[in-house]
$ cat protein16.cif   # mmCIF, C-alpha atoms
data_my_file
loop_
_atom_site.label_atom_id
_atom_site.label_comp_id
_atom_site.auth_asym_id
_atom_site.auth_seq_id
_atom_site.Cartn_x
_atom_site.Cartn_y
_atom_site.Cartn_z
CA MET C 98 24.20 2.32 -21.41
CA ILE C 99 21.93 -0.43 -20.11
CA SER C 100 21.51 -0.85 -16.37
CA PRO C 101 23.18 -3.85 -14.71
CA VAL C 102 19.65 -4.69 -13.52
CA MET C 103 17.52 -5.53 -16.57
CA PRO C 104 15.24 -2.49 -17.03
CA THR C 105 11.90 -4.31 -17.02
CA TYR C 106 10.49 -2.08 -14.25
CA ALA C 107 9.88 1.67 -14.29
CA ARG C 108 11.29 1.99 -10.79
CA ALA C 109 10.68 4.94 -8.48
CA PRO C 110 13.92 6.67 -7.44
CA LEU C 111 13.66 5.42 -3.86
CA GLU C 112 16.07 3.14 -2.00
CA PHE C 113 14.93 1.70 1.31
CA GLU C 114 17.42 0.28 3.76
CA ARG C 115 15.25 -0.49 6.77
CA GLY C 116 11.64 -1.15 7.70
CA GLU C 117 9.62 -1.52 10.85
CA GLY C 118 5.92 -2.32 10.96
CA ALA C 119 4.16 -0.23 8.32
CA TRP C 120 7.11 2.13 7.88
CA LEU C 121 10.11 2.18 5.54
CA MET C 122 13.27 4.26 5.85
CA THR C 123 15.37 5.35 2.87
CA THR C 124 19.14 5.41 2.63
CA GLY C 125 18.83 9.17 3.04
CA GLY C 126 16.94 8.89 6.32
CA GLU C 127 13.43 9.73 5.07
CA THR C 128 10.44 7.73 6.34
CA TYR C 129 7.52 6.48 4.25
CA LEU C 130 4.24 4.91 5.31
CA ASP C 131 3.84 1.66 3.37
CA PHE C 132 0.26 1.26 2.11
CA GLY C 133 1.43 -1.24 -0.53
CA ALA C 134 3.15 -3.88 1.62
CA GLY C 135 5.30 -5.05 -1.27
CA ILE C 136 2.09 -5.56 -3.31
CA ALA C 137 0.28 -7.45 -0.53
CA VAL C 138 3.36 -9.50 0.39
CA ASN C 139 4.44 -8.08 3.75
CA ALA C 140 1.28 -9.22 5.50
CA LEU C 141 2.78 -8.62 8.94
CA GLY C 142 4.71 -5.51 8.00
CA HIS C 143 8.46 -5.10 8.04
CA ALA C 144 10.86 -6.77 10.51
CA HIS C 145 8.18 -8.71 12.36
CA PRO C 146 9.96 -10.26 15.37
CA LYS C 147 8.36 -13.71 15.05
CA LEU C 148 9.28 -13.99 11.39
CA ILE C 149 12.85 -12.86 12.11
CA ALA C 150 13.13 -15.43 14.91
CA ALA C 151 11.79 -18.23 12.71
CA LEU C 152 14.22 -17.37 9.91
CA GLU C 153 17.25 -17.00 12.19
CA THR C 154 16.53 -20.25 14.03
CA GLN C 155 16.17 -22.22 10.80
CA ALA C 156 19.19 -20.55 9.20
CA ARG C 157 21.39 -21.95 11.97
CA ARG C 158 20.15 -25.47 11.22
CA VAL C 159 19.77 -26.11 7.48
CA TRP C 160 18.94 -23.78 4.58
CA HIS C 161 18.28 -26.13 1.73
CA LEU C 162 17.37 -29.77 1.26
CA SER C 163 16.51 -31.25 -2.09
CA ASN C 164 12.96 -32.50 -2.47
CA LEU C 165 14.57 -35.89 -2.95
CA TYR C 166 14.38 -36.06 0.86
CA GLU C 167 11.78 -35.46 3.53
CA ILE C 168 11.69 -31.84 4.74
CA PRO C 169 10.12 -31.58 8.21
CA GLN C 170 9.24 -27.87 7.93
CA GLN C 171 7.56 -28.50 4.59
CA LYS C 172 5.51 -31.37 5.97
CA ALA C 173 4.47 -29.27 8.97
CA LEU C 174 3.35 -26.31 6.84
CA ALA C 175 1.49 -28.59 4.43
CA ALA C 176 -0.27 -30.26 7.35
CA ARG C 177 -1.27 -26.85 8.74
CA LEU C 178 -2.69 -25.75 5.40
CA VAL C 179 -4.58 -29.01 4.95
CA GLU C 180 -5.96 -28.72 8.49
CA THR C 181 -7.06 -25.13 7.88
CA THR C 182 -8.40 -25.24 4.30
CA PHE C 183 -10.34 -27.35 1.80
CA ALA C 184 -7.14 -28.96 0.54
CA ASP C 185 -5.92 -32.53 0.92
CA THR C 186 -2.48 -31.94 -0.54
CA VAL C 187 -0.04 -29.07 -1.20
CA PHE C 188 2.85 -28.42 -3.60
CA PHE C 189 5.20 -25.63 -2.52
CA THR C 190 6.75 -23.12 -4.90
CA ASN C 191 8.83 -19.95 -4.73
CA SER C 192 6.26 -17.56 -6.21
CA GLY C 193 2.68 -17.04 -7.25
CA ALA C 194 3.42 -17.59 -10.92
CA GLU C 195 4.93 -20.98 -10.09
CA ALA C 196 1.89 -21.83 -7.96
CA MET C 197 -0.31 -21.01 -10.95
CA GLU C 198 1.85 -23.15 -13.24
CA CYS C 199 1.31 -26.05 -10.86
CA ALA C 200 -2.44 -25.34 -10.75
CA ILE C 201 -2.68 -25.37 -14.56
CA LYS C 202 -0.68 -28.58 -14.81
CA THR C 203 -2.72 -30.22 -12.05
CA ALA C 204 -6.00 -29.47 -13.83
CA ARG C 205 -4.82 -30.73 -17.18
CA LYS C 206 -3.14 -33.81 -15.72
CA HIS C 207 -6.32 -34.66 -13.82
CA PHE C 208 -8.20 -35.28 -17.04
CA SER C 209 -5.27 -36.69 -19.01
CA ALA C 210 -4.75 -39.34 -16.32
CA LYS C 211 -8.38 -40.38 -16.77
CA GLY C 212 -7.94 -40.61 -20.54
CA GLU C 213 -10.12 -37.56 -21.22
CA ASP C 214 -9.20 -34.96 -23.84
CA ARG C 215 -10.06 -31.97 -21.67
CA PHE C 216 -7.38 -29.29 -21.45
CA GLU C 217 -9.06 -25.94 -22.06
CA ILE C 218 -9.17 -23.47 -19.16
CA ILE C 219 -11.63 -20.58 -19.10
CA THR C 220 -10.20 -17.27 -17.85
CA PHE C 221 -11.42 -13.68 -17.64
CA GLU C 222 -10.55 -10.24 -18.98
CA GLY C 223 -8.58 -8.15 -16.52
CA SER C 224 -7.01 -11.16 -14.82
CA PHE C 225 -3.38 -11.46 -13.80
CA HIS C 226 -1.82 -14.80 -12.90
CA GLY C 227 1.90 -14.16 -13.30
CA ARG C 228 4.44 -13.48 -16.04
CA THR C 229 5.51 -16.91 -17.28
CA ILE C 230 4.45 -17.92 -20.79
CA ALA C 231 1.65 -20.09 -19.38
CA THR C 232 0.33 -17.43 -17.01
CA ILE C 233 0.38 -14.57 -19.52
CA SER C 234 -1.33 -16.93 -21.96
CA ALA C 235 -3.97 -17.51 -19.29
CA ALA C 236 -4.56 -13.79 -18.75
CA GLY C 237 -4.38 -12.93 -22.44
CA ALA C 238 -4.06 -9.14 -22.14
CA GLU C 239 -1.99 -7.51 -24.88
CA LYS C 240 0.07 -5.52 -22.37
CA LEU C 241 1.28 -8.85 -20.98
CA THR C 242 1.53 -10.93 -24.16
CA LYS C 243 2.74 -8.54 -26.87
CA GLY C 244 6.04 -9.72 -28.32
CA PHE C 245 6.07 -13.03 -26.47
CA GLY C 246 4.24 -15.24 -28.95
CA PRO C 247 3.48 -17.88 -29.82
CA LEU C 248 1.50 -18.25 -26.63
CA LEU C 249 0.45 -21.45 -24.92
CA PRO C 250 -2.83 -22.65 -26.41
CA GLY C 251 -5.77 -23.96 -24.43
CA PHE C 252 -7.08 -20.83 -22.71
CA ARG C 253 -10.42 -19.23 -23.49
CA HIS C 254 -10.69 -15.58 -22.46
CA LEU C 255 -14.10 -14.20 -21.53
CA PRO C 256 -15.38 -10.74 -20.56
CA PHE C 257 -15.48 -10.20 -16.80
CA GLY C 258 -19.00 -10.74 -15.47
CA ASP C 259 -20.59 -11.99 -18.72
CA HIS C 260 -22.67 -14.95 -17.56
CA ASP C 261 -24.05 -15.78 -21.01
CA ALA C 262 -20.56 -15.95 -22.49
CA LEU C 263 -19.45 -18.19 -19.64
CA HIS C 264 -22.22 -20.73 -20.14
CA ALA C 265 -21.68 -20.72 -23.90
CA ALA C 266 -17.92 -21.25 -23.55
CA ILE C 267 -18.13 -24.60 -21.74
CA GLY C 268 -17.60 -27.46 -24.14
CA PRO C 269 -16.33 -31.04 -24.33
CA GLN C 270 -12.67 -29.94 -23.98
CA THR C 271 -13.22 -27.65 -21.00
CA ALA C 272 -11.12 -28.73 -18.02
CA ALA C 273 -11.46 -25.84 -15.59
CA ILE C 274 -12.53 -22.30 -14.81
CA LEU C 275 -9.78 -20.07 -13.41
CA ILE C 276 -10.62 -16.84 -11.59
CA GLU C 277 -9.39 -14.41 -8.95
CA PRO C 278 -12.10 -13.82 -6.31
CA ILE C 279 -10.85 -10.23 -6.33
CA GLN C 280 -8.82 -9.00 -9.28
CA GLY C 281 -5.77 -7.15 -8.03
CA GLU C 282 -3.82 -6.05 -11.09
CA GLY C 283 -7.12 -5.70 -12.94
CA GLY C 284 -8.32 -2.91 -10.66
CA ILE C 285 -9.64 -4.36 -7.36
CA ARG C 286 -12.71 -5.90 -9.00
CA SER C 287 -14.58 -8.30 -6.72
CA VAL C 288 -16.49 -11.35 -7.90
CA PRO C 289 -19.86 -11.17 -6.11
CA THR C 290 -20.62 -13.92 -3.60
CA GLN C 291 -23.52 -15.24 -5.67
CA CYS C 292 -21.24 -15.49 -8.70
CA LEU C 293 -18.62 -17.51 -6.81
CA ARG C 294 -21.39 -19.86 -5.74
CA GLY C 295 -22.64 -19.99 -9.31
CA LEU C 296 -19.18 -20.89 -10.58
CA ARG C 297 -18.97 -23.75 -8.10
CA GLU C 298 -22.38 -25.04 -9.19
CA LEU C 299 -21.46 -24.68 -12.87
CA CYS C 300 -18.24 -26.66 -12.42
CA ASP C 301 -20.07 -29.39 -10.53
CA LYS C 302 -22.76 -29.56 -13.20
CA HIS C 303 -20.24 -30.05 -16.02
CA GLY C 304 -17.69 -32.13 -14.12
CA ILE C 305 -14.93 -29.56 -14.48
CA LEU C 306 -12.52 -28.08 -11.93
CA LEU C 307 -12.70 -24.71 -10.23
CA ILE C 308 -9.28 -23.05 -9.83
CA LEU C 309 -9.03 -19.98 -7.62
CA ASP C 310 -6.11 -17.57 -7.72
CA GLU C 311 -5.95 -16.18 -4.18
CA ILE C 312 -2.35 -15.07 -4.50
CA GLN C 313 -3.20 -11.46 -3.68
CA CYS C 314 -6.57 -11.68 -1.91
CA GLY C 315 -5.71 -14.67 0.30
CA MET C 316 -3.94 -15.07 3.63
CA GLY C 317 -6.34 -12.92 5.64
CA ARG C 318 -6.38 -9.86 3.40
CA THR C 319 -10.20 -9.80 3.09
CA GLY C 320 -10.90 -10.62 6.75
CA THR C 321 -11.12 -14.40 6.33
CA LEU C 322 -8.11 -16.60 5.70
CA PHE C 323 -9.24 -16.95 2.07
CA LYS C 324 -11.83 -14.92 0.20
CA HIS C 325 -13.82 -17.93 -1.08
CA GLU C 326 -14.73 -18.88 2.50
CA GLN C 327 -17.10 -15.92 2.59
CA ALA C 328 -19.16 -17.51 -0.20
CA GLY C 329 -19.35 -20.85 1.59
CA ILE C 330 -17.68 -22.68 -1.28
CA ALA C 331 -14.40 -24.49 -1.86
CA PRO C 332 -12.30 -24.69 -5.03
CA ASP C 333 -10.72 -27.84 -6.38
CA ILE C 334 -7.34 -26.16 -6.82
CA MET C 335 -6.02 -22.88 -5.42
CA ALA C 336 -2.84 -20.87 -5.94
CA VAL C 337 -1.45 -19.01 -2.91
CA ALA C 338 1.65 -16.82 -2.50
CA LYS C 339 2.48 -13.23 -1.47
CA GLY C 340 1.28 -13.03 2.15
CA ILE C 341 1.96 -16.68 2.97
CA GLY C 342 5.69 -15.95 3.29
CA GLY C 343 5.32 -12.55 4.89
CA GLY C 344 8.06 -11.26 2.57
CA PHE C 345 10.10 -14.46 2.17
CA PRO C 346 9.63 -16.04 -1.30
CA LEU C 347 6.99 -18.75 -0.89
CA GLY C 348 4.01 -19.99 -2.86
CA ALA C 349 1.76 -23.01 -2.77
CA CYS C 350 -0.66 -24.92 -4.95
CA LEU C 351 -3.43 -26.45 -2.84
CA ALA C 352 -5.70 -29.16 -4.19
CA THR C 353 -8.21 -31.80 -3.24
CA GLU C 354 -7.21 -35.43 -3.53
CA HIS C 355 -9.63 -35.77 -6.45
CA ALA C 356 -8.21 -32.83 -8.39
CA ALA C 357 -4.60 -33.88 -7.76
CA SER C 358 -5.17 -37.52 -8.71
CA GLY C 359 -2.88 -37.24 -11.73
CA MET C 360 0.03 -35.62 -9.89
CA VAL C 361 2.11 -38.67 -9.10
CA ALA C 362 5.89 -39.02 -8.70
CA GLY C 363 7.76 -37.41 -11.56
CA THR C 364 4.94 -35.18 -12.85
CA HIS C 365 6.18 -31.94 -11.27
CA GLY C 366 9.09 -30.61 -9.28
CA SER C 367 11.00 -27.65 -7.91
CA THR C 368 14.59 -27.27 -6.75
CA TYR C 369 13.86 -24.63 -4.12
CA GLY C 370 10.13 -25.02 -3.59
CA GLY C 371 9.29 -25.95 -0.01
CA ASN C 372 12.83 -25.30 1.28
CA PRO C 373 13.31 -25.26 5.07
CA LEU C 374 13.84 -21.49 5.33
CA ALA C 375 10.67 -20.59 3.44
CA CYS C 376 8.52 -23.15 5.22
CA ALA C 377 9.78 -22.13 8.66
CA VAL C 378 8.73 -18.56 7.92
CA GLY C 379 5.43 -19.75 6.41
CA LEU C 380 4.65 -21.63 9.61
CA ALA C 381 5.28 -18.47 11.64
CA VAL C 382 2.96 -16.50 9.33
CA MET C 383 0.23 -19.11 9.72
CA GLU C 384 0.57 -19.01 13.49
CA GLU C 385 -0.05 -15.27 13.43
CA VAL C 386 -2.68 -14.97 10.71
CA ALA C 387 -4.72 -18.19 10.70
CA ASN C 388 -6.73 -17.54 13.85
CA GLU C 389 -10.04 -15.82 14.45
CA PRO C 390 -8.84 -13.06 16.81
CA PHE C 391 -6.32 -11.85 14.22
CA LEU C 392 -8.85 -12.06 11.37
CA ALA C 393 -11.46 -10.23 13.46
CA GLU C 394 -8.95 -7.41 13.89
CA VAL C 395 -8.43 -7.30 10.11
CA ARG C 396 -12.18 -6.93 9.68
CA ARG C 397 -12.32 -4.16 12.28
CA LYS C 398 -9.44 -2.29 10.69
CA SER C 399 -10.98 -2.71 7.25
CA GLY C 400 -14.12 -1.01 8.51
CA LEU C 401 -12.05 1.84 9.91
CA ILE C 402 -10.01 2.43 6.76
CA ALA C 403 -13.08 2.07 4.52
CA GLN C 404 -14.85 4.76 6.54
CA ARG C 405 -11.86 7.11 6.35
CA LEU C 406 -11.43 6.50 2.62
CA GLY C 407 -15.13 7.09 2.07
CA GLU C 408 -14.80 10.48 3.72
CA LEU C 409 -11.76 11.17 1.56
CA ALA C 410 -13.67 10.19 -1.59
CA ASP C 411 -16.51 12.53 -0.66
CA GLU C 412 -14.07 15.38 -0.11
CA HIS C 413 -12.36 14.72 -3.45
CA ALA C 414 -15.35 13.51 -5.47
CA ASP C 415 -14.06 15.35 -8.52
CA ILE C 416 -11.07 12.96 -8.61
CA VAL C 417 -12.22 9.78 -6.83
CA GLU C 418 -15.08 7.94 -8.50
CA GLU C 419 -15.52 5.13 -5.96
CA ILE C 420 -13.90 2.97 -3.31
CA ARG C 421 -13.50 -0.67 -4.30
CA GLY C 422 -12.53 -3.89 -2.59
CA GLU C 423 -12.86 -5.70 0.70
CA GLY C 424 -10.89 -6.03 3.90
CA LEU C 425 -7.44 -4.51 3.51
CA MET C 426 -7.46 -4.97 -0.27
CA LEU C 427 -8.90 -1.66 -1.39
CA GLY C 428 -8.75 0.63 -4.38
CA LEU C 429 -9.44 4.24 -5.26
CA LYS C 430 -11.06 4.33 -8.70
CA ILE C 431 -9.79 7.57 -10.21
CA ARG C 432 -12.05 9.50 -12.54
CA GLU C 433 -11.30 9.86 -16.23
CA GLY C 434 -9.06 12.82 -16.86
CA THR C 435 -6.68 12.02 -14.02
CA ALA C 436 -4.17 9.15 -14.24
CA CYS C 437 -3.92 6.83 -11.26
CA GLY C 438 -0.15 7.04 -11.68
CA ASP C 439 -0.30 10.75 -10.91
CA VAL C 440 -2.04 9.96 -7.61
CA VAL C 441 0.55 7.28 -6.79
CA GLN C 442 3.35 9.77 -7.51
CA ALA C 443 1.69 12.48 -5.41
CA GLY C 444 1.41 9.90 -2.65
CA ARG C 445 5.15 9.27 -2.82
CA ASP C 446 5.69 13.01 -2.57
CA ALA C 447 3.52 12.91 0.58
CA HIS C 448 5.56 9.91 1.81
CA VAL C 449 2.81 7.29 1.53
CA LEU C 450 3.32 4.31 -0.81
CA THR C 451 0.50 2.87 -2.89
CA VAL C 452 0.34 0.65 -5.99
CA PRO C 453 -1.19 1.44 -9.41
CA ALA C 454 -3.57 -1.05 -11.02
CA GLY C 455 -5.67 -1.50 -14.13
CA ASP C 456 -8.91 0.38 -14.74
CA ASN C 457 -7.24 3.57 -13.40
CA VAL C 458 -7.23 2.33 -9.81
CA VAL C 459 -4.84 3.10 -6.96
CA ARG C 460 -4.37 -0.01 -4.82
CA ILE C 461 -4.24 0.27 -1.03
CA LEU C 462 -2.75 -2.87 0.54
CA PRO C 463 -1.38 -2.07 4.01
CA PRO C 464 0.04 -4.70 6.38
CA LEU C 465 -2.74 -6.69 8.04
CA ASN C 466 -1.50 -5.70 11.50
CA ILE C 467 -1.25 -1.97 10.77
CA PRO C 468 -2.05 0.15 13.85
CA ASP C 469 -5.10 2.43 13.82
CA ALA C 470 -2.88 5.50 14.13
CA ASP C 471 -0.98 4.53 10.97
CA ILE C 472 -4.28 4.05 9.11
CA ALA C 473 -5.31 7.57 10.07
CA GLU C 474 -1.93 9.00 9.08
CA GLY C 475 -1.91 7.14 5.77
CA VAL C 476 -5.36 8.40 4.82
CA ARG C 477 -4.32 11.93 5.79
CA ARG C 478 -1.33 11.67 3.47
CA LEU C 479 -3.52 10.29 0.68
CA GLY C 480 -5.74 13.32 1.15
CA ALA C 481 -2.70 15.56 0.75
CA ALA C 482 -1.78 13.66 -2.42
CA LEU C 483 -5.25 14.12 -3.93
CA ALA C 484 -5.19 17.81 -3.05
CA ALA C 485 -1.80 18.14 -4.75
CA VAL C 486 -3.07 16.43 -7.90
CA LYS C 487 -6.06 18.76 -7.96
CA ALA C 488 -3.89 21.83 -7.44
CA LYS C 489 -1.51 20.79 -10.23
CA ALA C 490 -4.42 20.22 -12.63
CA GLY C 491 -5.76 23.69 -11.89
CA ALA C 492 -2.39 25.41 -12.19
#
$ encode --input "protein16.cif" --output "structure tokens"
Amino acid sequence: MISPVMPTYARAPLEFERGEGAWLMTTGGETYLDFGAGIAVNALGHAHPKLIAALETQARRVWHLSNLYEIPQQKALAARLVETTFADTVFFTNSGAEAMECAIKTARKHFSAKGEDRFEIITFEGSFHGRTIATISAAGAEKLTKGFGPLLPGFRHLPFGDHDALHAAIGPQTAAILIEPIQGEGGIRSVPTQCLRGLRELCDKHGILLILDEIQCGMGRTGTLFKHEQAGIAPDIMAVAKGIGGGFPLGACLATEHAASGMVAGTHGSTYGGNPLACAVGLAVMEEVANEPFLAEVRRKSGLIAQRLGELADEHADIVEEIRGEGLMLGLKIREGTACGDVVQAGRDAHVLTVPAGDNVVRILPPLNIPDADIAEGVRRLGAALAAVKAKAGA
């Protein structure tokens, strides 16, 4: 008999009823250290008092207002994002996939409004941009697209890191290049700084738009508010979600005035996007995260956890091939012969939660404000998980 909840996830048999900081408690009273943060969503951990206060205060005022009217919380959050980033304008959504939909539409509308037949968007192998028809078409991987055809045309998929293929792919119908500065689902694969700069130069040379997907790597996760800042560049359009709501559903498509020139009244919309509840929480997240003292602490903690994971990788070099990533977006690349899912499961058995990814990688995405003691405890539990995997393989 089919589950009342559509069985599209292979869910772990865990039910959590309460969380605090980096910890989760099950209905049975067991505690787990959360090194996944809801897949980089709970940027400030569970039950953060400022986020609770922001949500409760707004809930007593007004929950929903149609975008047919002015929404003060939405205007305030947009102004904060514009003040803090490259963007001149923001469209709010409920998720990362919706933010990517808006980004794709913004790029295509930009050229259509100018009377130019440029609609093709270059994307890369290993990418993940969401699970709508447009976003799986953008990623192109069979595991995402199989059975869902026909797909949306207008995407050109290239091997990750193939510069010759990239230059050859740009043609008269190219509108944009879309890339994650760090692939999350694809296995914590970073785009080198010089390559991000090269992409910016390439887009400028050909008069096309650069779209960044910072849904997972943004909002302080790499030690700067957004990863592209470290390369000294700015995109034309950027999709943001996950951490921006701290656990409340919220996404945003940020754009320059130039890139968004075609997005006039009637070109896009959302019933719930930018609602007062989400934007009130988003403002509270920005107040916590978008400041240098907080980001400096993320960088310090990233150094600490990277050191501890490096020691762990040395101790278990027969299982761990390398440590990947930046900031608090890290991955254990597991050697061939051991499945990353086995390590994730062994972690659950040791009461530490991680997230599997492509390329046989275990993602480590703790809350950005995780205490040092919890970092140490989490790495200790990961060590126990690796030891258990090794023992099982030798049994």
$ closest_residue --input "protein16.cif" --among "C:Ala107, C:Arg115, C:Val187, C:Ser163" --to "Gly438 in chain C" --atoms "all atoms listed in the file"
C:Ala107
$ resolve_selection --input "protein16.cif" --expression "the PyMOL selection byres ((chain C and resi 453-464) around 9)" --output "count of residues only"
45
$ resolve_selection --input "protein16.cif" --expression "the PyMOL selection byres ((chain C and resi 229) around 12)" --output "PyMOL selection string"
chain C and resi 192-199+225-228+230-237+241-242+245-246+248-249
$ atom_distance --input "protein16.cif" --atom1 "CA of Met335 in chain C" --atom2 "CA of Ile308 in chain C"
5.5 Å
$ resolve_selection --input "protein16.cif" --expression "the PyMOL selection byres ((chain C and resi 443) around 8)" --output "PyMOL selection string"
chain C and resi 439-442+444-447+482-483+485-486
$ closest_residue --input "protein16.cif" --among "C:Ala238, C:Leu307, C:Ala338, C:Ile330" --to "Gly379 in chain C" --atoms "all atoms listed in the file"
C:Ala338
$ residues_around --input "protein16.cif" --residues "Val386 in chain C" --least-positions-apart "3" --cutoff "10 Å" --atoms "only C-alpha atoms" --output "MDAnalysis selection string"
chainID C and resid 140:141 316:318 321:322 340:341 380:383 389:392 395 465:466
$ atom_distance --input "protein16.cif" --atom1 "CA of Gly491 in chain C" --atom2 "CA of Ile420 in chain C"
23.9 Å
$ residues_around --input "protein16.cif" --residues "Glu408 in chain C" --least-positions-apart "2" --cutoff "12 Å" --atoms "all atoms listed in the file" --output "list in words"
Leu401, Ile402, Ala403, Gln404, Arg405, Leu406, Ala410, Asp411, Glu412, His413, Ala414, Val417, Glu419, Ile420, Ala473, Val476, Arg477, Leu479 and Gly480 of chain C
$ atom_distance --input "protein16.cif" --atom1 "CA of Lys302 in chain C" --atom2 "CA of Gly251 in chain C"
21.1 Å
$ closest_residue --input "protein16.cif" --among "C:Ala470, C:Ala210, C:Asn164, C:Gly126" --to "Phe189 in chain C" --atoms "all atoms listed in the file"
C:Asn164
$ residues_around --input "protein16.cif" --residues "Glu127 in chain C" --least-positions-apart "3" --cutoff "12 Å" --atoms "all atoms listed in the file" --output "number ranges by chain"
C: 111-116, 120-124, 130, 445-449
$ residues_around --input "protein16.cif" --residues "Arg396 in chain C" --least-positions-apart "2" --cutoff "8 Å" --atoms "only C-alpha atoms" --output "PyMOL selection string"
chain C and resi 319-320+392-394+398-400+424
$ residues_around --input "protein16.cif" --residues "Ala357 in chain C" --least-positions-apart "2" --cutoff "8 Å" --atoms "only C-alpha atoms" --output "ChimeraX atom specification"
/C:186,203-204,207,352-355,359-360
$ closest_residue --input "protein16.cif" --among "C:Glu326, C:Ser287, C:Ile218, C:Lys240" --to "Arg253 in chain C" --atoms "only C-alpha atoms"
C:Ile218
$ closest_residue --input "protein16.cif" --among "C:Lys324, C:Asp261, C:Glu385, C:Thr271" --to "Arg205 in chain C" --atoms "all atoms listed in the file"
C:Thr271
